[in-house]
Amino acid sequence: MPTPTLYYAPLSPPARAVLLLIKELGLTVNLKEVNVLAGETRTEEFMRMNPEHTIPTLDDNGFYLWESRAILTYLIDAYRPGHTLYPNIPREKAQINRVLHHDLGSFYPKFFGVVGKLFMGTVTELSEEMITEAKKALTDLESYIIRNDFFAGENVTVADLSLLPTINSAVHCGLDLTKYPRLNAWYQSCRKEVKGFAEDEAISVQLGEFFRTKAPNGLAALN
């Protein structure tokens, strides 16, 4: 069976979520690094695959898919159906989807919407309004693990893999996660349970170093 190809950027949290899944499943995937800043997602060839020119983008033998959370669930359904990371049990799958939708529709745009302004150099420091919004995004996210060890139950699922690179990056950009005890406990559990945690953390360290060239105080304002 032909091997799927993933177009990704090493620092991108959504792309790293898919890399975590590939590691968890032991999938064979061709990895093609894309330089977004050099315009490699806006070439005619890339735009034929993904007119939104975003990463990650999956080419599964002519089936093109973007949006990391869709890629996460597709790879399991296509290559490891019924896997515990996304089981074929309606209520469990619904809980996972609920977290994925919250990540896509609320947490990531709100939190990265604030942090991204520092990262891109749009602002040099966070306003009180931005700080409040980022903290609320974290507090709302934490509410999903009040009764669970992980975001959608007692085991790692794609919900956790989707969120981990963003949180890992935030930690190494200066976020004190101990201010959010349940998130911190989850993060420490991921350190033990997620196969690709160490590799993702190494990338997060690099991202944190780059982030501080844009914002020397990092995310200290959120602590």
# chains A, B, ... in the order shown; residues from 1 in each chain; ligands from 1
>>> closest_atom_pairs(of="stretch 2-65 of chain A", to="stretch 85-106 of chain A", cutoff="12 Å", atoms="only C-alpha atoms", output="CSV")
residue,atom,partner,partner_atom,distance
A:Pro14,CA,A:Leu104,CA,10.1
A:Ala17,CA,A:Leu100,CA,11.8
A:Leu20,CA,A:Leu85,CA,11.5
A:Leu21,CA,A:Leu85,CA,8.8
A:Ile22,CA,A:Leu85,CA,11.6
A:Glu24,CA,A:Leu85,CA,9.0
A:Leu25,CA,A:Leu85,CA,9.2
>>> residues_around(residues="A:Asp60", least_positions_apart="5", cutoff="9 Å", atoms="only C-alpha atoms", output="mmCIF file with N, CA, C and O atoms, in the first residue's frame")
data_model
loop_
_atom_site.group_PDB
_atom_site.id
_atom_site.type_symbol
_atom_site.label_atom_id
_atom_site.label_comp_id
_atom_site.auth_asym_id
_atom_site.auth_seq_id
_atom_site.Cartn_x
_atom_site.Cartn_y
_atom_site.Cartn_z
ATOM 1 N N PRO A 2 0.633 2.209 -0.882
ATOM 2 C CA PRO A 2 1.457 3.420 -0.928
ATOM 3 C C PRO A 2 1.450 4.160 0.402
ATOM 4 O O PRO A 2 0.482 4.109 1.164
ATOM 5 N N THR A 3 2.549 4.868 0.664
ATOM 6 C CA THR A 3 2.718 5.557 1.937
ATOM 7 C C THR A 3 2.182 6.986 1.850
ATOM 8 O O THR A 3 2.491 7.708 0.905
ATOM 9 N N PRO A 4 1.387 7.424 2.841
ATOM 10 C CA PRO A 4 0.922 8.807 2.836
ATOM 11 C C PRO A 4 2.076 9.774 3.097
ATOM 12 O O PRO A 4 3.112 9.406 3.650
ATOM 13 N N THR A 5 1.878 11.027 2.697
ATOM 14 C CA THR A 5 2.882 12.073 2.873
ATOM 15 C C THR A 5 2.296 13.193 3.718
ATOM 16 O O THR A 5 1.172 13.640 3.474
ATOM 17 N N LEU A 6 3.064 13.638 4.700
ATOM 18 C CA LEU A 6 2.642 14.753 5.555
ATOM 19 C C LEU A 6 3.544 15.948 5.289
ATOM 20 O O LEU A 6 4.761 15.861 5.418
ATOM 21 N N LEU A 65 -5.938 16.271 2.656
ATOM 22 C CA LEU A 65 -6.651 16.652 3.874
ATOM 23 C C LEU A 65 -5.801 17.630 4.666
ATOM 24 O O LEU A 65 -4.600 17.426 4.848
#
>>> atom_distance(atom1="atom CA of A:Ser204", atom2="atom CA of A:Leu175")
12.1 Å
>>> select_by_dssp(residues="stretch 51-129 of chain A", states="strand (DSSP E or B)", output="ChimeraX atom specification")
/A:57-60,63-66
>>> closest_residue(among="A:Gly174, A:Gly121, A:Gly218, A:Gly26", to="A:Tyr79", atoms="only C-alpha atoms")
A:Gly26
>>> closest_residue(among="A:Arg147, A:Leu219, A:Leu177, A:Ala198", to="A:Val114", atoms="only C-alpha atoms")
A:Leu219
>>> closest_residue(among="A:Val171, A:Ala134, A:Leu58, A:Leu75", to="A:Ile203", atoms="only C-alpha atoms")
A:Val171
>>> select_by_dssp(residues="stretch 14-162 of chain A", states="helix (DSSP H, G or I)", output="PyMOL selection string")
chain A and resi 14-25+44-49+68-79+90-119+128-145+158-162
>>> residues_around(residues="A:Leu72", least_positions_apart="2", cutoff="7 Å", atoms="only C-alpha atoms", output="count of residues only")
9
>>> closest_residue(among="A:Val156, A:Leu183, A:Met49, A:Cys173", to="A:Tyr144", atoms="only C-alpha atoms")
A:Leu183
>>> residues_around(residues="A:Trp186", least_positions_apart="2", cutoff="12 Å", atoms="only C-alpha atoms", output="PDB file with C-alpha atoms, in the first residue's frame")
ATOM      1  CA  LEU A 141      -9.558  24.303  29.009  1.00  0.00           C
ATOM      2  CA  GLU A 142      -8.733  23.020  32.477  1.00  0.00           C
ATOM      3  CA  SER A 143     -12.420  22.425  33.189  1.00  0.00           C
ATOM      4  CA  TYR A 144     -12.343  19.491  30.771  1.00  0.00           C
ATOM      5  CA  ILE A 145     -10.162  17.436  33.117  1.00  0.00           C
ATOM      6  CA  ILE A 146     -11.998  17.949  36.410  1.00  0.00           C
ATOM      7  CA  ARG A 147     -13.114  14.310  36.543  1.00  0.00           C
ATOM      8  CA  ASN A 148     -10.470  12.736  34.290  1.00  0.00           C
ATOM      9  CA  ASP A 149      -6.743  12.110  34.202  1.00  0.00           C
ATOM     10  CA  PHE A 150      -6.726  13.093  30.539  1.00  0.00           C
ATOM     11  CA  PHE A 151      -8.932  15.331  28.441  1.00  0.00           C
ATOM     12  CA  ALA A 152     -11.451  12.726  27.343  1.00  0.00           C
ATOM     13  CA  GLY A 153     -11.168  10.009  29.953  1.00  0.00           C
ATOM     14  CA  GLU A 154      -8.606   7.998  31.865  1.00  0.00           C
ATOM     15  CA  ASN A 155      -6.321   7.274  28.905  1.00  0.00           C
ATOM     16  CA  VAL A 156      -4.437   9.273  26.291  1.00  0.00           C
ATOM     17  CA  ASP A 160      -4.519  15.066  24.364  1.00  0.00           C
ATOM     18  CA  LEU A 161      -2.221  14.798  21.353  1.00  0.00           C
ATOM     19  CA  LEU A 163      -3.452  19.987  22.826  1.00  0.00           C
ATOM     20  CA  LEU A 164      -0.052  18.866  24.059  1.00  0.00           C
ATOM     21  CA  ILE A 167       0.786  23.606  26.053  1.00  0.00           C
ATOM     22  CA  ASN A 168       4.337  22.273  25.744  1.00  0.00           C
ATOM     23  CA  LEU A 177       1.672  25.743  34.499  1.00  0.00           C
ATOM     24  CA  THR A 178       1.596  25.182  38.273  1.00  0.00           C
ATOM     25  CA  TYR A 180      -3.285  25.551  36.707  1.00  0.00           C
ATOM     26  CA  PRO A 181      -2.991  22.424  38.902  1.00  0.00           C
ATOM     27  CA  ARG A 182      -5.114  20.054  36.815  1.00  0.00           C
ATOM     28  CA  LEU A 183      -3.430  21.109  33.600  1.00  0.00           C
ATOM     29  CA  ASN A 184      -0.063  20.658  35.261  1.00  0.00           C
ATOM     30  CA  GLN A 188       3.160  15.498  33.882  1.00  0.00           C
ATOM     31  CA  SER A 189       1.050  12.453  32.979  1.00  0.00           C
ATOM     32  CA  CYS A 190       1.659  13.155  29.291  1.00  0.00           C
ATOM     33  CA  ARG A 191       5.384  13.288  30.032  1.00  0.00           C
ATOM     34  CA  LYS A 192       5.124   9.669  31.178  1.00  0.00           C
ATOM     35  CA  GLU A 193       2.503   8.316  28.783  1.00  0.00           C
ATOM     36  CA  VAL A 194       3.002  10.005  25.388  1.00  0.00           C
TER      37      VAL A 194
END
>>> atom_distance(atom1="atom CA of A:Glu40", atom2="atom CA of A:Ile55")
10.5 Å
>>> residues_around(residues="A:Lys117", least_positions_apart="4", cutoff="12 Å", atoms="only C-alpha atoms", output="list in words")
Pro109, Lys110, Phe111, Phe112, Gly113, Gly121, Thr122, Val123, Thr124, Glu125, Leu126, Ser127, Met130, Ile131, Ala134, Phe211, Lys214, Ala215, Gly218 and Leu219 of chain A
>>> atom_distance(atom1="atom CA of A:Ala170", atom2="atom CA of A:Ser12")
12.4 Å
>>> closest_residue(among="A:Val36, A:Leu222, A:Leu31, A:Val115", to="A:Thr166", atoms="only C-alpha atoms")
A:Val115
>>> decode(residues="stretch 167-199 of chain A", atoms="N, CA, C and O atoms", output="short mmCIF file (atom, residue, chain, number, x, y, z; two decimals), in the first residue's frame")
data_model
loop_
_atom_site.label_atom_id
_atom_site.label_comp_id
_atom_site.auth_asym_id
_atom_site.auth_seq_id
_atom_site.Cartn_x
_atom_site.Cartn_y
_atom_site.Cartn_z
N ILE A 167 0.46 23.42 24.64
CA ILE A 167 0.79 23.61 26.05
C ILE A 167 2.29 23.45 26.28
O ILE A 167 2.91 24.23 27.02
N ASN A 168 2.89 22.47 25.64
CA ASN A 168 4.34 22.27 25.74
C ASN A 168 5.07 23.54 25.31
O ASN A 168 6.02 23.99 25.97
N SER A 169 4.63 24.11 24.20
CA SER A 169 5.26 25.33 23.70
C SER A 169 5.08 26.48 24.69
O SER A 169 6.03 27.23 24.96
N ALA A 170 3.87 26.62 25.24
CA ALA A 170 3.60 27.70 26.18
C ALA A 170 4.49 27.59 27.42
O ALA A 170 5.02 28.59 27.92
N VAL A 171 4.66 26.36 27.90
CA VAL A 171 5.52 26.14 29.08
C VAL A 171 6.93 26.63 28.80
O VAL A 171 7.55 27.32 29.61
N HIS A 172 7.46 26.31 27.64
CA HIS A 172 8.83 26.69 27.32
C HIS A 172 8.95 28.10 26.77
O HIS A 172 10.06 28.58 26.53
N CYS A 173 7.79 28.75 26.65
CA CYS A 173 7.79 30.20 26.36
C CYS A 173 7.58 31.00 27.65
O CYS A 173 7.42 32.23 27.60
N GLY A 174 7.54 30.30 28.80
CA GLY A 174 7.50 30.99 30.07
C GLY A 174 6.23 30.88 30.88
O GLY A 174 6.10 31.50 31.94
N LEU A 175 5.25 30.07 30.43
CA LEU A 175 4.02 29.90 31.20
C LEU A 175 4.28 29.01 32.40
O LEU A 175 4.83 27.92 32.27
N ASP A 176 3.88 29.48 33.59
CA ASP A 176 4.01 28.70 34.81
C ASP A 176 2.75 27.85 34.94
O ASP A 176 1.71 28.32 35.40
N LEU A 177 2.85 26.61 34.55
CA LEU A 177 1.67 25.74 34.50
C LEU A 177 1.19 25.34 35.89
O LEU A 177 0.06 24.89 36.04
N THR A 178 2.03 25.53 36.91
CA THR A 178 1.60 25.18 38.27
C THR A 178 0.45 26.08 38.74
O THR A 178 -0.22 25.76 39.72
N LYS A 179 0.22 27.18 38.04
CA LYS A 179 -0.92 28.05 38.36
C LYS A 179 -2.24 27.37 37.97
O LYS A 179 -3.31 27.82 38.36
N TYR A 180 -2.12 26.30 37.17
CA TYR A 180 -3.28 25.55 36.71
C TYR A 180 -3.06 24.09 37.10
O TYR A 180 -2.57 23.29 36.30
N PRO A 181 -3.39 23.73 38.35
CA PRO A 181 -2.99 22.42 38.90
C PRO A 181 -3.42 21.22 38.08
O PRO A 181 -2.65 20.27 37.91
N ARG A 182 -4.66 21.22 37.58
CA ARG A 182 -5.11 20.05 36.82
C ARG A 182 -4.40 19.97 35.47
O ARG A 182 -4.06 18.88 35.01
N LEU A 183 -4.20 21.11 34.85
CA LEU A 183 -3.43 21.11 33.60
C LEU A 183 -2.00 20.63 33.85
O LEU A 183 -1.44 19.88 33.05
N ASN A 184 -1.44 21.06 34.96
CA ASN A 184 -0.06 20.66 35.26
C ASN A 184 0.02 19.16 35.52
O ASN A 184 0.96 18.49 35.06
N ALA A 185 -0.97 18.61 36.27
CA ALA A 185 -0.98 17.17 36.53
C ALA A 185 -1.13 16.40 35.21
O ALA A 185 -0.47 15.37 35.00
N TRP A 186 -2.00 16.90 34.32
CA TRP A 186 -2.16 16.28 33.00
C TRP A 186 -0.85 16.32 32.22
O TRP A 186 -0.44 15.32 31.60
N TYR A 187 -0.18 17.47 32.26
CA TYR A 187 1.08 17.64 31.53
C TYR A 187 2.12 16.64 32.02
O TYR A 187 2.84 16.04 31.21
N GLN A 188 2.20 16.46 33.33
CA GLN A 188 3.16 15.50 33.88
C GLN A 188 2.78 14.07 33.51
O GLN A 188 3.66 13.22 33.28
N SER A 189 1.49 13.79 33.42
CA SER A 189 1.05 12.45 32.98
C SER A 189 1.43 12.22 31.53
O SER A 189 1.86 11.13 31.15
N CYS A 190 1.27 13.27 30.70
CA CYS A 190 1.66 13.15 29.29
C CYS A 190 3.16 12.90 29.17
O CYS A 190 3.59 12.14 28.29
N ARG A 191 3.93 13.50 30.04
CA ARG A 191 5.38 13.29 30.03
C ARG A 191 5.70 11.80 30.16
O ARG A 191 6.65 11.29 29.55
N LYS A 192 4.89 11.09 30.94
CA LYS A 192 5.12 9.67 31.18
C LYS A 192 4.47 8.78 30.12
O LYS A 192 5.00 7.71 29.79
N GLU A 193 3.33 9.20 29.60
CA GLU A 193 2.50 8.32 28.78
C GLU A 193 2.63 8.52 27.28
O GLU A 193 2.37 7.59 26.50
N VAL A 194 2.96 9.72 26.83
CA VAL A 194 3.00 10.00 25.39
C VAL A 194 4.38 9.67 24.83
O VAL A 194 5.39 10.24 25.28
N LYS A 195 4.44 8.79 23.86
CA LYS A 195 5.72 8.29 23.36
C LYS A 195 6.62 9.38 22.81
O LYS A 195 7.84 9.33 22.98
N GLY A 196 6.03 10.36 22.14
CA GLY A 196 6.85 11.40 21.51
C GLY A 196 7.04 12.64 22.34
O GLY A 196 7.47 13.67 21.82
N PHE A 197 6.76 12.54 23.65
CA PHE A 197 6.82 13.75 24.49
C PHE A 197 8.20 14.40 24.46
O PHE A 197 8.31 15.62 24.30
N ALA A 198 9.24 13.61 24.63
CA ALA A 198 10.60 14.17 24.71
C ALA A 198 10.97 14.91 23.42
O ALA A 198 11.55 16.00 23.47
N GLU A 199 10.63 14.33 22.28
CA GLU A 199 10.93 14.99 21.00
C GLU A 199 10.16 16.29 20.87
O GLU A 199 10.68 17.31 20.41
#
